[in-house]
Amino acid sequence: MNQYKQRRNSSGFSTWGRSACGRHPPVGAIQPKRHSQRTFNRTFASFVEEAVLVQEQEEFVYRYQGAQHLSEEDLVVYPEAPSVQQQCALRLGYTCDNLLLKRTKKIHTSRGCIKKTFQEKGLAHVSQLALANCLDLLELLAWNHAHGIHLYRMTSKLFPWTGHYELEELPEYELICAALSAAGEVARAADQRITNHPSHFIKLASSNENIIDSSIKDLEIQSRVFDLMGYAPSHWNKINIHVGGVYGNKKKTLDRFAETFHERLSDSLKARLAVENDDVPNSYSVDDLLLLHKNTGIPITFDFHHHQFCPGTMSQKEAFETAMSTWPEGIRPVVHWSEMPECPQRRKTHPHSHSNFIYGPIDLYGYEDHVDVMIESKAKEAALLLLEINYIIFSDMHDTVKTLKS
């Protein structure tokens, strides 16, 4: 525990006080300090290192308000505690790169280049970047498995400048295929559900035909990646997008989306595509997307954070349950959970932005065992680990978890 003690003061742990949003979280929660964004970027990795260290040793030290004044002997360590994911009823996931691996081992899956570099160095350079991304995807999935994580959103940037070439044109195409095939085998063996969320530039209902063409090319490559990973087309590996702009008429835009879906997308892409409710007032709420679902069969990914900005006519619970009902039988719906920034000023100026960590509580209206929850936060896997540990602390599992000596 000496290494743990050395890191504790720099890890970002502190006791709960009155939070920036005025809430009083329950006594005992492990809480990262509310840093500025610049300080957060420098310090969050030390928290992850500590959380991982404690988990790997299968030692969970629980704190309560004022615990920083206690000696190590005053804390109860329960070495026989099951892993975090075994104790946490929620199936939680995080998005894209693993920030700890990226910082400490340079392992990440979003290598890219600017247009000038692409034009100067050509497909050979892009191919090397794509191969490195796919090989690191293997490392990332192995890390997820080691830490009991069963839901992961893969980056949509494995291949730089998608749409400007065919995958078969890449010099390392065969090696890339082998790496993706191996990644799929690892994910399936570890019971990891892999999803995808391309950028907001994807607009299948655009009024500009060129934008629709480029969107289709990008989406087809995202679907092709899942094919190369050995997955049969299914919403288990959903490709999540937004409808995009309203273009002056929601009804006509949704009809244009449905027309593109039916007439121009491959069957494998159709079987994976999902749409998400928006966070812009007067944009696409679950009410609006329900019409699209009826015309296409596309399931709706419900985003709790977005709903407060674009609720339509439904309450949160009604919209959540409606979105769940659109998913095919046998496929667990995926929902997104994020929160406003910690900084009070940013909460006013950028309320749609995501917080560094998740403070909860995550209220799924009793459907915890029926959905997968994608955590969208800037701290990514760090936020996930912290959230799961706090969930265990305040669950009613007194037969397996001890917190402090009485």
# chains A, B, ... in the order shown; residues from 1 in each chain; ligands from 1
>>> residues_around(residues="Ser266 of chain A", least_positions_apart="3", cutoff="10 Å", atoms="only C-alpha atoms", output="JSON, numbers by chain")
{"A": [216, 219, 220, 223, 261, 262, 263, 269, 270, 271]}
>>> residues_around(residues="Met340 of chain A", least_positions_apart="4", cutoff="6 Å", atoms="only C-alpha atoms", output="list of chain:residue names")
A:Pro351, A:Ser353, A:His354, A:Ser355
>>> residues_around(residues="Lys217 of chain A", least_positions_apart="2", cutoff="10 Å", atoms="only C-alpha atoms", output="ChimeraX atom specification")
/A:162-166,202,211-215,219-222,265
>>> closest_residue(among="A:Phe226, A:His200, A:Lys116, A:Ser206", to="Leu158 of chain A", atoms="only C-alpha atoms")
A:Phe226
>>> select_by_dssp(residues="segment 228-304 of chain A", states="alpha helix (DSSP H)", output="compact mmCIF listing (two decimals) with N, CA and C atoms, in the first residue's frame")
# COMPACT_ATOMS: atom_id res chain seq x y z
N LEU A 228 -15.45 -6.77 -40.80
CA LEU A 228 -14.09 -7.28 -40.72
C LEU A 228 -13.76 -7.81 -39.32
N LYS A 250 -39.40 19.69 -40.64
CA LYS A 250 -39.06 18.41 -40.01
C LYS A 250 -39.62 17.22 -40.79
N LYS A 251 -40.89 17.33 -41.16
CA LYS A 251 -41.55 16.21 -41.82
C LYS A 251 -40.84 15.85 -43.12
N LYS A 252 -40.53 16.85 -43.95
CA LYS A 252 -39.86 16.57 -45.22
C LYS A 252 -38.44 16.04 -44.98
N THR A 253 -37.77 16.55 -43.94
CA THR A 253 -36.42 16.08 -43.64
C THR A 253 -36.43 14.62 -43.20
N LEU A 254 -37.39 14.27 -42.36
CA LEU A 254 -37.50 12.87 -41.93
C LEU A 254 -37.86 11.96 -43.10
N ASP A 255 -38.70 12.45 -44.00
CA ASP A 255 -39.04 11.66 -45.19
C ASP A 255 -37.80 11.47 -46.06
N ARG A 256 -36.97 12.51 -46.18
CA ARG A 256 -35.75 12.42 -46.98
C ARG A 256 -34.77 11.43 -46.34
N PHE A 257 -34.69 11.43 -45.02
CA PHE A 257 -33.86 10.46 -44.30
C PHE A 257 -34.33 9.04 -44.60
N ALA A 258 -35.65 8.82 -44.49
CA ALA A 258 -36.21 7.49 -44.73
C ALA A 258 -35.95 7.04 -46.17
N GLU A 259 -36.06 7.96 -47.11
CA GLU A 259 -35.81 7.62 -48.51
C GLU A 259 -34.37 7.19 -48.73
N THR A 260 -33.44 7.95 -48.12
CA THR A 260 -32.02 7.59 -48.22
C THR A 260 -31.76 6.24 -47.58
N PHE A 261 -32.37 6.01 -46.43
CA PHE A 261 -32.20 4.75 -45.72
C PHE A 261 -32.64 3.57 -46.58
N HIS A 262 -33.80 3.65 -47.16
CA HIS A 262 -34.36 2.52 -47.91
C HIS A 262 -33.68 2.29 -49.26
N GLU A 263 -33.27 3.36 -49.92
CA GLU A 263 -32.83 3.25 -51.30
C GLU A 263 -31.32 3.24 -51.49
N ARG A 264 -30.56 3.72 -50.49
CA ARG A 264 -29.13 3.92 -50.78
C ARG A 264 -28.18 3.23 -49.79
N ASP A 267 -27.64 -3.42 -46.80
CA ASP A 267 -28.44 -4.13 -45.80
C ASP A 267 -27.71 -4.23 -44.47
N SER A 268 -26.39 -4.43 -44.50
CA SER A 268 -25.63 -4.55 -43.26
C SER A 268 -25.63 -3.24 -42.48
N LEU A 269 -25.55 -2.12 -43.19
CA LEU A 269 -25.60 -0.82 -42.51
C LEU A 269 -26.99 -0.56 -41.94
N LYS A 270 -28.03 -0.88 -42.71
CA LYS A 270 -29.39 -0.70 -42.21
C LYS A 270 -29.60 -1.47 -40.91
N VAL A 286 -37.64 12.53 -29.00
CA VAL A 286 -38.09 11.15 -29.17
C VAL A 286 -39.42 11.13 -29.91
N ASP A 287 -40.28 12.12 -29.66
CA ASP A 287 -41.55 12.22 -30.42
C ASP A 287 -41.30 12.19 -31.92
N ASP A 288 -40.36 13.02 -32.37
CA ASP A 288 -40.07 13.13 -33.79
C ASP A 288 -39.45 11.84 -34.33
N LEU A 289 -38.52 11.27 -33.55
CA LEU A 289 -37.81 10.08 -34.02
C LEU A 289 -38.72 8.86 -34.05
N LEU A 290 -39.79 8.90 -33.28
CA LEU A 290 -40.73 7.77 -33.28
C LEU A 290 -41.36 7.61 -34.67
N LEU A 291 -41.62 8.74 -35.34
CA LEU A 291 -42.15 8.68 -36.70
C LEU A 291 -41.14 8.05 -37.64
N LEU A 292 -39.86 8.41 -37.47
CA LEU A 292 -38.80 7.82 -38.30
C LEU A 292 -38.68 6.32 -38.04
N HIS A 293 -38.81 5.92 -36.79
CA HIS A 293 -38.76 4.50 -36.45
C HIS A 293 -39.89 3.73 -37.15
N LYS A 294 -41.07 4.31 -37.17
CA LYS A 294 -42.20 3.64 -37.80
C LYS A 294 -42.01 3.48 -39.31
N ASN A 295 -41.26 4.42 -39.92
CA ASN A 295 -41.04 4.37 -41.36
C ASN A 295 -39.84 3.52 -41.76
N THR A 296 -38.93 3.29 -40.82
CA THR A 296 -37.69 2.60 -41.18
C THR A 296 -37.35 1.41 -40.27
N PHE A 304 -30.26 10.91 -21.96
CA PHE A 304 -30.91 11.59 -20.83
C PHE A 304 -30.54 13.07 -20.80
>>> residues_around(residues="Glu185 of chain A", least_positions_apart="6", cutoff="10 Å", atoms="only C-alpha atoms", output="list of chain:residue names")
A:Leu138, A:Ala179, A:Asp191, A:Met229, A:Gly230, A:Tyr231
>>> atom_distance(atom1="atom CA of Cys96 of chain A", atom2="atom CA of Tyr152 of chain A")
7.5 Å
>>> select_by_dssp(residues="segment 198-304 of chain A", states="strand (DSSP E or B)", output="ChimeraX atom specification")
/A:239-241,273-276,300-303
>>> write_last_selection(atoms="all heavy atoms", output="compact mmCIF listing (two decimals), in the first residue's frame")
# COMPACT_ATOMS: atom_id res chain seq x y z
N ILE A 239 -24.51 1.50 -34.88
CA ILE A 239 -23.84 2.68 -35.41
C ILE A 239 -24.79 3.84 -35.18
O ILE A 239 -25.84 3.94 -35.82
CB ILE A 239 -23.49 2.52 -36.90
CG1 ILE A 239 -22.53 1.34 -37.08
CG2 ILE A 239 -22.88 3.81 -37.45
CD1 ILE A 239 -22.21 1.04 -38.54
N ASN A 240 -24.43 4.71 -34.27
CA ASN A 240 -25.35 5.72 -33.76
C ASN A 240 -25.15 7.06 -34.46
O ASN A 240 -24.03 7.56 -34.54
CB ASN A 240 -25.11 5.89 -32.25
CG ASN A 240 -26.20 6.68 -31.57
OD1 ASN A 240 -27.16 6.12 -31.09
ND2 ASN A 240 -26.04 8.01 -31.51
N ILE A 241 -26.21 7.65 -34.98
CA ILE A 241 -26.11 8.96 -35.63
C ILE A 241 -27.28 9.84 -35.20
O ILE A 241 -28.21 9.39 -34.53
CB ILE A 241 -26.11 8.84 -37.17
CG1 ILE A 241 -27.44 8.26 -37.66
CG2 ILE A 241 -24.93 8.00 -37.65
CD1 ILE A 241 -27.58 8.29 -39.18
N LEU A 273 -27.85 0.62 -37.94
CA LEU A 273 -28.04 2.05 -37.74
C LEU A 273 -29.06 2.33 -36.62
O LEU A 273 -30.10 1.69 -36.53
CB LEU A 273 -28.52 2.68 -39.03
CG LEU A 273 -28.19 4.16 -39.25
CD1 LEU A 273 -26.68 4.37 -39.25
CD2 LEU A 273 -28.79 4.65 -40.57
N ALA A 274 -28.72 3.31 -35.77
CA ALA A 274 -29.62 3.79 -34.72
C ALA A 274 -29.57 5.31 -34.72
O ALA A 274 -28.58 5.91 -35.14
CB ALA A 274 -29.22 3.25 -33.35
N VAL A 275 -30.66 5.95 -34.26
CA VAL A 275 -30.71 7.41 -34.20
C VAL A 275 -30.87 7.87 -32.75
O VAL A 275 -31.46 7.16 -31.92
CB VAL A 275 -31.85 7.99 -35.06
CG1 VAL A 275 -31.55 7.81 -36.54
CG2 VAL A 275 -33.18 7.36 -34.70
N GLU A 276 -30.37 9.05 -32.48
CA GLU A 276 -30.35 9.58 -31.11
C GLU A 276 -31.11 10.90 -31.04
O GLU A 276 -31.05 11.72 -31.98
CB GLU A 276 -28.90 9.78 -30.67
CG GLU A 276 -28.71 10.39 -29.29
CD GLU A 276 -27.25 10.62 -28.97
OE1 GLU A 276 -26.38 10.11 -29.72
OE2 GLU A 276 -26.97 11.32 -27.97
N ILE A 300 -34.20 3.83 -31.42
CA ILE A 300 -33.84 5.14 -30.87
C ILE A 300 -32.93 4.97 -29.66
O ILE A 300 -33.27 4.27 -28.71
CB ILE A 300 -35.10 5.93 -30.46
CG1 ILE A 300 -36.02 6.12 -31.66
CG2 ILE A 300 -34.73 7.27 -29.84
CD1 ILE A 300 -37.38 6.70 -31.30
N THR A 301 -31.77 5.60 -29.72
CA THR A 301 -30.87 5.66 -28.57
C THR A 301 -31.26 6.87 -27.73
O THR A 301 -31.18 8.01 -28.19
CB THR A 301 -29.41 5.81 -29.03
OG1 THR A 301 -29.06 4.71 -29.87
CG2 THR A 301 -28.48 5.84 -27.82
N PHE A 302 -31.67 6.61 -26.48
CA PHE A 302 -32.14 7.71 -25.65
C PHE A 302 -30.98 8.33 -24.89
O PHE A 302 -30.23 7.65 -24.19
CB PHE A 302 -33.19 7.24 -24.65
CG PHE A 302 -33.77 8.35 -23.81
CD1 PHE A 302 -34.53 9.34 -24.39
CD2 PHE A 302 -33.52 8.42 -22.44
CE1 PHE A 302 -35.06 10.38 -23.63
CE2 PHE A 302 -34.03 9.44 -21.67
CZ PHE A 302 -34.80 10.43 -22.27
N ASP A 303 -30.84 9.66 -25.02
CA ASP A 303 -29.82 10.41 -24.29
C ASP A 303 -30.52 11.25 -23.22
O ASP A 303 -31.28 12.16 -23.53
CB ASP A 303 -29.05 11.32 -25.26
CG ASP A 303 -27.83 11.95 -24.60
OD1 ASP A 303 -28.02 12.64 -23.57
OD2 ASP A 303 -26.71 11.76 -25.11
>>> residues_around(residues="Gly112 of chain A", least_positions_apart="2", cutoff="7 Å", atoms="only C-alpha atoms", output="MDAnalysis selection string")
chainID A and resid 110 129 160
